[in-house]
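Asker: The file below is final_1.cif, mmCIF, C-alpha atoms:
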```cif
data_query
#
loop_
_atom_site.label_atom_id
_atom_site.label_comp_id
_atom_site.auth_asym_id
_atom_site.auth_seq_id
_atom_site.Cartn_x
_atom_site.Cartn_y
_atom_site.Cartn_z
CA MET A 496 49.38 50.46 -23.40
CA ALA A 497 52.39 48.23 -23.92
CA ASP A 498 55.80 47.34 -22.56
CA PHE A 499 58.57 49.80 -23.43
CA THR A 500 62.09 51.00 -22.70
CA PHE A 501 62.45 54.50 -21.29
CA ASN A 502 64.23 56.92 -23.65
CA ILE A 503 66.94 57.57 -21.02
CA ALA A 504 67.80 53.84 -21.01
CA LEU A 505 67.84 53.15 -24.73
CA GLY A 506 71.08 51.30 -25.46
CA ARG A 507 72.07 51.21 -21.76
CA SER A 508 70.03 48.44 -20.10
CA VAL A 509 72.57 45.66 -20.72
CA GLU A 510 75.40 47.88 -19.44
CA LEU A 511 73.53 48.87 -16.28
CA LEU A 512 72.47 45.30 -15.41
CA HIS A 513 76.12 44.27 -15.95
CA ARG A 514 77.20 46.99 -13.50
CA VAL A 515 74.85 45.62 -10.85
CA LYS A 516 76.01 42.05 -11.50
CA THR A 517 79.69 42.99 -11.20
CA GLY A 518 79.28 45.40 -8.27
CA ASP A 519 80.52 48.44 -10.22
CA PRO A 520 79.84 50.59 -8.36
CA ALA A 521 79.44 48.72 -5.09
CA GLY A 522 75.90 49.03 -3.78
CA SER A 523 74.25 49.38 -7.20
CA THR A 524 70.96 47.46 -7.52
CA LEU A 525 67.91 47.02 -9.68
CA VAL A 526 64.65 48.27 -8.19
CA ILE A 527 61.16 47.06 -9.12
CA ALA A 528 58.38 49.59 -8.51
CA ALA A 529 54.63 49.27 -9.21
CA LEU A 530 52.64 52.15 -10.67
CA ALA A 531 49.11 52.78 -9.47
CA THR A 532 46.18 52.61 -11.87
CA ALA A 533 44.62 55.87 -10.66
CA GLY A 534 46.09 58.88 -12.49
CA LEU A 535 48.43 56.86 -14.71
CA GLU A 536 49.80 58.94 -17.58
CA SER A 537 50.10 57.56 -21.13
CA ASP A 538 53.07 55.50 -22.25
CA ALA A 539 54.11 58.38 -24.54
CA VAL A 540 54.39 60.68 -21.51
CA LEU A 541 55.98 58.08 -19.23
CA ARG A 542 58.74 57.03 -21.64
CA ASP A 543 60.19 60.57 -21.54
CA LYS A 544 60.75 60.47 -17.76
CA ASP A 545 64.44 60.33 -16.80
CA THR A 546 64.31 59.43 -13.10
CA LEU A 547 62.01 57.58 -10.74
CA ALA A 548 61.22 60.94 -9.12
CA ASP A 549 60.15 62.30 -12.53
CA LEU A 550 58.13 59.16 -13.18
CA VAL A 551 55.95 59.60 -10.10
CA SER A 552 55.53 63.34 -10.53
CA GLY A 553 52.48 64.70 -12.29
CA SER A 554 49.43 62.49 -11.99
CA THR A 555 51.30 59.14 -12.03
CA ASN A 556 51.89 57.60 -8.61
CA GLU A 557 53.67 54.59 -7.23
CA VAL A 558 51.47 52.11 -5.38
CA PRO A 559 51.45 53.29 -1.74
CA VAL A 560 53.93 51.48 0.50
CA GLY A 561 52.16 49.26 3.01
CA ASN A 562 49.23 46.86 2.75
CA GLY A 563 51.66 44.28 1.35
CA TYR A 564 53.46 46.50 -1.19
CA ALA A 565 57.04 47.71 -1.06
CA ARG A 566 59.63 48.17 -3.78
CA LYS A 567 61.72 45.12 -4.60
CA THR A 568 65.51 45.35 -4.72
CA LEU A 569 67.68 42.98 -6.75
CA VAL A 570 71.38 42.66 -5.99
CA ALA A 571 74.17 40.92 -7.90
CA ALA A 572 73.41 37.51 -6.34
CA ASP A 573 69.81 37.71 -7.63
CA LEU A 574 70.86 38.14 -11.26
CA ASN A 575 72.00 35.61 -13.84
CA PRO A 576 75.23 36.30 -15.72
CA ILE A 577 74.73 38.16 -18.98
CA ALA A 578 75.09 35.70 -21.85
CA PRO A 579 74.85 37.03 -25.41
CA ASP A 580 72.83 34.82 -27.75
CA ASP A 581 75.26 34.78 -30.69
CA ALA A 582 73.11 32.41 -32.74
CA ASN A 583 70.21 34.91 -32.75
CA ASP A 584 72.30 38.12 -32.56
CA ARG A 585 70.74 39.40 -29.36
CA THR A 586 71.06 39.59 -25.59
CA ASP A 587 68.09 38.79 -23.36
CA LEU A 588 68.07 40.08 -19.78
CA ASP A 589 65.95 38.32 -17.19
CA ILE A 590 65.19 38.84 -13.54
CA PRO A 591 63.63 36.45 -11.05
CA ASP A 592 59.86 36.43 -10.63
CA GLN A 593 58.82 38.83 -7.88
CA THR A 594 56.30 38.05 -5.12
CA TRP A 595 54.46 40.49 -2.90
CA THR A 596 52.82 38.67 0.02
CA SER A 597 49.19 39.20 1.08
CA VAL A 598 48.63 42.46 -0.78
CA LEU A 599 45.46 44.08 0.51
CA ALA A 600 42.82 45.73 -1.67
CA ALA A 601 43.58 48.98 0.17
CA SER A 602 46.79 49.27 -1.87
CA GLY A 603 44.61 50.08 -4.90
CA GLY A 604 44.89 48.89 -8.49
CA TRP A 605 48.26 48.31 -10.12
CA SER A 606 48.87 49.00 -13.83
CA LYS A 607 52.60 48.76 -14.49
CA LEU A 608 55.87 47.45 -13.12
CA VAL A 609 59.02 49.48 -13.69
CA VAL A 610 62.55 48.06 -13.61
CA CYS A 611 65.04 50.73 -12.54
CA TYR A 612 68.78 51.11 -11.99
CA LYS A 613 69.88 52.44 -8.60
CA PRO A 614 73.55 53.49 -8.70
CA ALA A 615 74.24 53.34 -4.95
CA ALA A 616 72.61 52.26 -1.70
CA GLY A 617 71.90 55.85 -0.65
CA SER A 618 70.55 57.02 -4.01
CA THR A 619 67.39 59.11 -3.95
CA ASP A 620 64.51 58.68 -6.39
CA ALA A 621 66.02 61.60 -8.35
CA GLN A 622 69.11 59.43 -8.97
CA ILE A 623 67.30 56.19 -9.87
CA MET A 624 66.98 55.63 -13.64
CA PRO A 625 63.93 53.82 -15.04
CA LEU A 626 64.95 51.19 -17.60
CA THR A 627 61.82 49.35 -18.70
CA CYS A 628 58.08 49.53 -18.07
CA HIS A 629 55.77 46.50 -18.21
CA ASP A 630 52.00 46.28 -18.27
CA PHE A 631 50.83 44.60 -15.07
CA ALA A 632 47.14 45.24 -14.47
CA ILE A 633 45.99 43.70 -11.21
CA THR A 634 43.55 44.45 -8.43
CA PRO A 635 44.91 43.24 -5.09
CA ASP A 636 42.55 41.15 -2.96
CA GLY A 637 44.65 40.05 0.01
CA THR A 638 46.40 37.19 -1.77
CA ASP A 639 49.99 37.02 -2.98
CA ILE A 640 50.90 38.84 -6.18
CA VAL A 641 53.48 37.11 -8.37
CA ALA A 642 55.03 38.96 -11.30
CA GLN A 643 56.84 37.26 -14.12
CA ILE A 644 57.97 40.25 -16.16
CA ALA A 645 58.26 38.22 -19.39
CA VAL A 646 59.07 34.62 -20.20
CA ALA A 647 62.01 35.65 -22.43
CA GLY A 648 63.20 38.32 -19.99
CA PHE A 649 62.54 41.94 -19.16
CA PHE A 650 64.71 43.36 -21.95
CA ARG A 651 66.05 42.23 -25.35
CA ALA A 652 68.96 44.02 -26.99
CA THR A 653 69.18 43.55 -30.76
CA PRO A 654 71.30 45.16 -33.49
CA VAL A 655 69.80 48.09 -35.33
#
```
Do you think you could lay out the structure here as structure tokens?

Answerer:
Amino acid sequence: MADFTFNIALGRSVELLHRVKTGDPAGSTLVIAALATAGLESDAVLRDKDTLADLVSGSTNEVPVGNGYARKTLVAADLNPIAPDDANDRTDLDIPDQTWTSVLAASGGWSKLVVCYKPAAGSTDAQIMPLTCHDFAITPDGTDIVAQIAVAGFFRATPV
């Protein structure tokens, strides 16, 4: 298993983060969701999912809410401005490290973190688009869980 970009988001991640950062549309956010270890489908199956609702259908499940876990929401103020790296012909997107406090073992094992785009405050899981998926294998034990998606950022756009 490895980190990947969902097929639906190929070529769109920079645009969608920019929309959240600029408030277009108002109420758009990024959402961080954790996928449970039990029943996790393969990366090849997951990458074809087009919505968060699709992602947690089948045997794949989100970590149950409670016991210290809840989805994280990132708004414009949480995000750095997008700055193309002209010297290296790329754009790296980063998000702040995420912390879940006192996550109990009852939440079960975690295997992946998914960064998603939520177009409006009232959007349902069927309207939330998964952007990237990151390996994050951890067994909660009642302590805090801190996730640094990647040192260089959660997504890198490069020319083809």

Asker: For the atom pair CA of Arg585 (chain A) and CA of Ala652 (chain A), what is the interatomic distance in Å to one decimal place?

Answerer: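 Calculated distance between CA of Arg585 (chain A) and CA of Ala652 (chain A) is 5.5 Å.
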
Asker: Could you write out as number ranges by chain the residues that the PyMOL selection byres ((chain A and resi 633-646) around 9) matches in the shown file?

Answerer: A: 532, 562-563, 589-608, 629-632, 647-650

Asker: Next, the residues of the selection above should be written as a compact mmCIF listing (two decimals), in the coordinates of the input with C-alpha atoms.

Answerer:
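Listed below is the output, result28.txt:
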```
# COMPACT_ATOMS: atom_id res chain seq x y z
CA THR A 532 46.18 52.61 -11.87
CA ASN A 562 49.23 46.86 2.75
CA GLY A 563 51.66 44.28 1.35
CA ASP A 589 65.95 38.32 -17.19
CA ILE A 590 65.19 38.84 -13.54
CA PRO A 591 63.63 36.45 -11.05
CA ASP A 592 59.86 36.43 -10.63
CA GLN A 593 58.82 38.83 -7.88
CA THR A 594 56.30 38.05 -5.12
CA TRP A 595 54.46 40.49 -2.90
CA THR A 596 52.82 38.67 0.02
CA SER A 597 49.19 39.20 1.08
CA VAL A 598 48.63 42.46 -0.78
CA LEU A 599 45.46 44.08 0.51
CA ALA A 600 42.82 45.73 -1.67
CA ALA A 601 43.58 48.98 0.17
CA SER A 602 46.79 49.27 -1.87
CA GLY A 603 44.61 50.08 -4.90
CA GLY A 604 44.89 48.89 -8.49
CA TRP A 605 48.26 48.31 -10.12
CA SER A 606 48.87 49.00 -13.83
CA LYS A 607 52.60 48.76 -14.49
CA LEU A 608 55.87 47.45 -13.12
CA HIS A 629 55.77 46.50 -18.21
CA ASP A 630 52.00 46.28 -18.27
CA PHE A 631 50.83 44.60 -15.07
CA ALA A 632 47.14 45.24 -14.47
CA ALA A 647 62.01 35.65 -22.43
CA GLY A 648 63.20 38.32 -19.99
CA PHE A 649 62.54 41.94 -19.16
CA PHE A 650 64.71 43.36 -21.95
```

Asker: Report as a PyMOL selection string all protein, DNA and RNA residues lying within 9 Å of Phe499 (chain A), evaluated on only C-alpha atoms, omitting residues in the same chain fewer than 6 positions from it.

Answerer: chain A and resi 538+542+626-629

Asker: Can you turn the PyMOL selection byres ((chain A and resi 503-513) around 8) into a concrete residue list for this file, as a PyMOL selection string?

Answerer: chain A and resi 500-502+514-517+525+543-545+577+586+588+612+624-627+650+652

Asker: Quick one: distance from CA of Leu547 (chain A) to CA of Pro520 (chain A) in Å, one decimal?

Answerer: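 Separation between CA of Leu547 (chain A) and CA of Pro520 (chain A): 19.3 Å.
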
Asker: Given the choices A:Asp587, A:Glu557, A:Asp498, A:Asp580, which gets closest to Ile527 (chain A) if the distance is worked out from only C-alpha atoms?

Answerer: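 Between A:Asp587, A:Glu557, A:Asp498, A:Asp580, the residue approaching Ile527 (chain A) most closely is A:Glu557.
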
Asker: Name all residues at most 6 Å from Val558 (chain A) (count only C-alpha atoms; drop same-chain ones fewer than 3 positions away) and give them as a PyMOL selection string.

Answerer: chain A and resi 529-531

Asker: Ranking A:Asn583, A:Gln622, A:Thr524, A:Thr568 by minimum distance to Leu550 (chain A) and counting only C-alpha atoms, which one comes first?

Answerer: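 Closest to Leu550 (chain A), using only C-alpha atoms: A:Gln622.
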
Asker: Which residue gives the smallest distance to Leu535 (chain A) among A:Thr653, A:Ser618, A:Thr555, A:Ser523, with only C-alpha atoms counted?

Answerer: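 Of A:Thr653, A:Ser618, A:Thr555, A:Ser523, the one nearest Leu535 (chain A) is A:Thr555, counting only C-alpha atoms.
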
Asker: Mind dumping region 510-650 of chain A from that block, keeping C-alpha atoms, as a tab-separated table (two decimals), in the first residue's frame?

Answerer:
```tsv
chain	number	residue	atom	x	y	z
A	510	GLU	CA	-7.41	24.12	-7.94
A	511	LEU	CA	-9.61	22.75	-5.15
A	512	LEU	CA	-7.23	23.79	-2.35
A	513	HIS	CA	-7.09	27.25	-3.97
A	514	ARG	CA	-10.91	27.38	-3.90
A	515	VAL	CA	-10.93	26.66	-0.17
A	516	LYS	CA	-8.18	29.23	0.46
A	517	THR	CA	-10.04	31.95	-1.47
A	518	GLY	CA	-13.53	31.08	-0.19
A	519	ASP	CA	-14.89	30.21	-3.65
A	520	PRO	CA	-17.45	29.00	-2.94
A	521	ALA	CA	-18.00	30.30	0.59
A	522	GLY	CA	-18.11	27.45	3.08
A	523	SER	CA	-15.81	25.12	1.11
A	524	THR	CA	-13.32	23.22	3.29
A	525	LEU	CA	-10.85	20.37	3.29
A	526	VAL	CA	-11.84	17.34	5.35
A	527	ILE	CA	-9.45	14.78	6.84
A	528	ALA	CA	-10.97	11.33	7.42
A	529	ALA	CA	-9.31	8.17	8.79
A	530	LEU	CA	-10.00	4.76	7.27
A	531	ALA	CA	-10.28	1.74	9.53
A	532	THR	CA	-7.90	-1.19	9.17
A	533	ALA	CA	-10.65	-3.83	9.29
A	534	GLY	CA	-12.12	-4.46	5.84
A	535	LEU	CA	-9.87	-1.99	4.00
A	536	GLU	CA	-9.99	-2.49	0.24
A	537	SER	CA	-6.85	-2.34	-1.92
A	538	ASP	CA	-5.41	0.92	-3.20
A	539	ALA	CA	-6.40	-0.11	-6.75
A	540	VAL	CA	-10.05	-0.33	-5.66
A	541	LEU	CA	-9.96	2.79	-3.48
A	542	ARG	CA	-8.42	5.10	-6.10
A	543	ASP	CA	-11.47	4.62	-8.34
A	544	LYS	CA	-13.90	5.98	-5.71
A	545	ASP	CA	-15.36	9.38	-6.64
A	546	THR	CA	-16.95	10.53	-3.37
A	547	LEU	CA	-16.44	10.01	0.34
A	548	ALA	CA	-19.73	8.06	0.36
A	549	ASP	CA	-18.33	5.74	-2.35
A	550	LEU	CA	-15.08	5.42	-0.43
A	551	VAL	CA	-16.73	4.04	2.70
A	552	SER	CA	-19.12	1.77	0.83
A	553	GLY	CA	-18.24	-1.85	0.29
A	554	SER	CA	-15.98	-3.29	2.97
A	555	THR	CA	-13.97	-0.09	3.63
A	556	ASN	CA	-15.11	1.93	6.64
A	557	GLU	CA	-14.21	5.20	8.25
A	558	VAL	CA	-12.95	4.96	11.82
A	559	PRO	CA	-16.07	5.18	14.02
A	560	VAL	CA	-16.77	8.65	15.40
A	561	GLY	CA	-16.22	8.79	19.15
A	562	ASN	CA	-13.51	7.43	21.43
A	563	GLY	CA	-11.38	10.43	20.44
A	564	TYR	CA	-11.92	10.31	16.66
A	565	ALA	CA	-13.85	12.76	14.53
A	566	ARG	CA	-13.17	14.12	11.06
A	567	LYS	CA	-10.97	17.19	10.89
A	568	THR	CA	-12.06	20.26	8.92
A	569	LEU	CA	-9.63	22.79	7.48
A	570	VAL	CA	-10.83	26.25	6.49
A	571	ALA	CA	-9.10	29.03	4.55
A	572	ALA	CA	-7.35	30.39	7.66
A	573	ASP	CA	-5.74	26.96	8.28
A	574	LEU	CA	-4.09	26.85	4.86
A	575	ASN	CA	-0.92	28.46	3.56
A	576	PRO	CA	-1.12	30.44	0.32
A	577	ILE	CA	-0.33	28.39	-2.76
A	578	ALA	CA	3.17	29.26	-3.95
A	579	PRO	CA	4.45	27.62	-7.14
A	580	ASP	CA	8.07	26.47	-6.93
A	581	ASP	CA	9.28	27.88	-10.25
A	582	ALA	CA	12.87	26.77	-9.69
A	583	ASN	CA	11.79	23.10	-9.51
A	584	ASP	CA	8.76	23.35	-11.84
A	585	ARG	CA	6.24	22.11	-9.30
A	586	THR	CA	3.67	23.13	-6.70
A	587	ASP	CA	3.66	21.50	-3.26
A	588	LEU	CA	0.50	21.65	-1.16
A	589	ASP	CA	0.75	21.29	2.60
A	590	ILE	CA	-1.70	21.21	5.46
A	591	PRO	CA	-1.06	21.61	9.18
A	592	ASP	CA	-0.32	18.53	11.26
A	593	GLN	CA	-3.52	17.08	12.70
A	594	THR	CA	-3.99	15.95	16.31
A	595	TRP	CA	-6.68	13.70	17.71
A	596	THR	CA	-6.72	13.84	21.51
A	597	SER	CA	-6.81	10.76	23.76
A	598	VAL	CA	-7.92	8.28	21.10
A	599	LEU	CA	-9.08	5.11	22.80
A	600	ALA	CA	-8.25	1.59	21.62
A	601	ALA	CA	-12.00	1.05	21.13
A	602	SER	CA	-11.79	3.17	17.96
A	603	GLY	CA	-9.93	0.26	16.33
A	604	GLY	CA	-6.90	0.28	14.05
A	605	TRP	CA	-6.36	3.05	11.52
A	606	SER	CA	-4.73	2.41	8.12
A	607	LYS	CA	-5.12	5.53	6.00
A	608	LEU	CA	-5.87	9.23	6.11
A	609	VAL	CA	-7.84	10.77	3.27
A	610	VAL	CA	-7.77	14.47	2.35
A	611	CYS	CA	-11.07	15.51	0.75
A	612	TYR	CA	-12.67	18.60	-0.76
A	613	LYS	CA	-16.05	19.63	0.67
A	614	PRO	CA	-17.73	22.20	-1.61
A	615	ALA	CA	-20.13	23.69	0.96
A	616	ALA	CA	-20.92	23.55	4.67
A	617	GLY	CA	-24.03	21.44	4.12
A	618	SER	CA	-22.46	18.99	1.67
A	619	THR	CA	-23.21	15.31	2.22
A	620	ASP	CA	-20.61	12.54	1.93
A	621	ALA	CA	-21.95	11.97	-1.60
A	622	GLN	CA	-20.78	15.50	-2.50
A	623	ILE	CA	-17.35	15.35	-0.83
A	624	MET	CA	-14.52	14.52	-3.26
A	625	PRO	CA	-11.51	12.51	-2.05
A	626	LEU	CA	-8.25	14.09	-3.23
A	627	THR	CA	-5.38	12.10	-1.74
A	628	CYS	CA	-4.92	8.99	0.39
A	629	HIS	CA	-1.98	8.48	2.77
A	630	ASP	CA	-0.79	5.39	4.58
A	631	PHE	CA	-1.22	5.93	8.32
A	632	ALA	CA	-1.09	2.64	10.20
A	633	ILE	CA	-1.67	3.13	13.90
A	634	THR	CA	-3.31	1.32	16.78
A	635	PRO	CA	-4.84	3.81	19.22
A	636	ASP	CA	-3.99	3.30	22.90
A	637	GLY	CA	-5.58	6.27	24.66
A	638	THR	CA	-2.82	8.75	23.84
A	639	ASP	CA	-2.90	11.59	21.34
A	640	ILE	CA	-2.49	10.77	17.65
A	641	VAL	CA	-0.54	13.31	15.61
A	642	ALA	CA	-0.50	13.06	11.83
A	643	GLN	CA	2.03	14.79	9.65
A	644	ILE	CA	0.79	13.84	6.19
A	645	ALA	CA	4.22	14.36	4.58
A	646	VAL	CA	7.17	16.62	5.26
A	647	ALA	CA	7.01	18.10	1.74
A	648	GLY	CA	3.21	18.35	1.77
A	649	PHE	CA	0.19	16.21	1.03
A	650	PHE	CA	0.30	16.73	-2.75
```
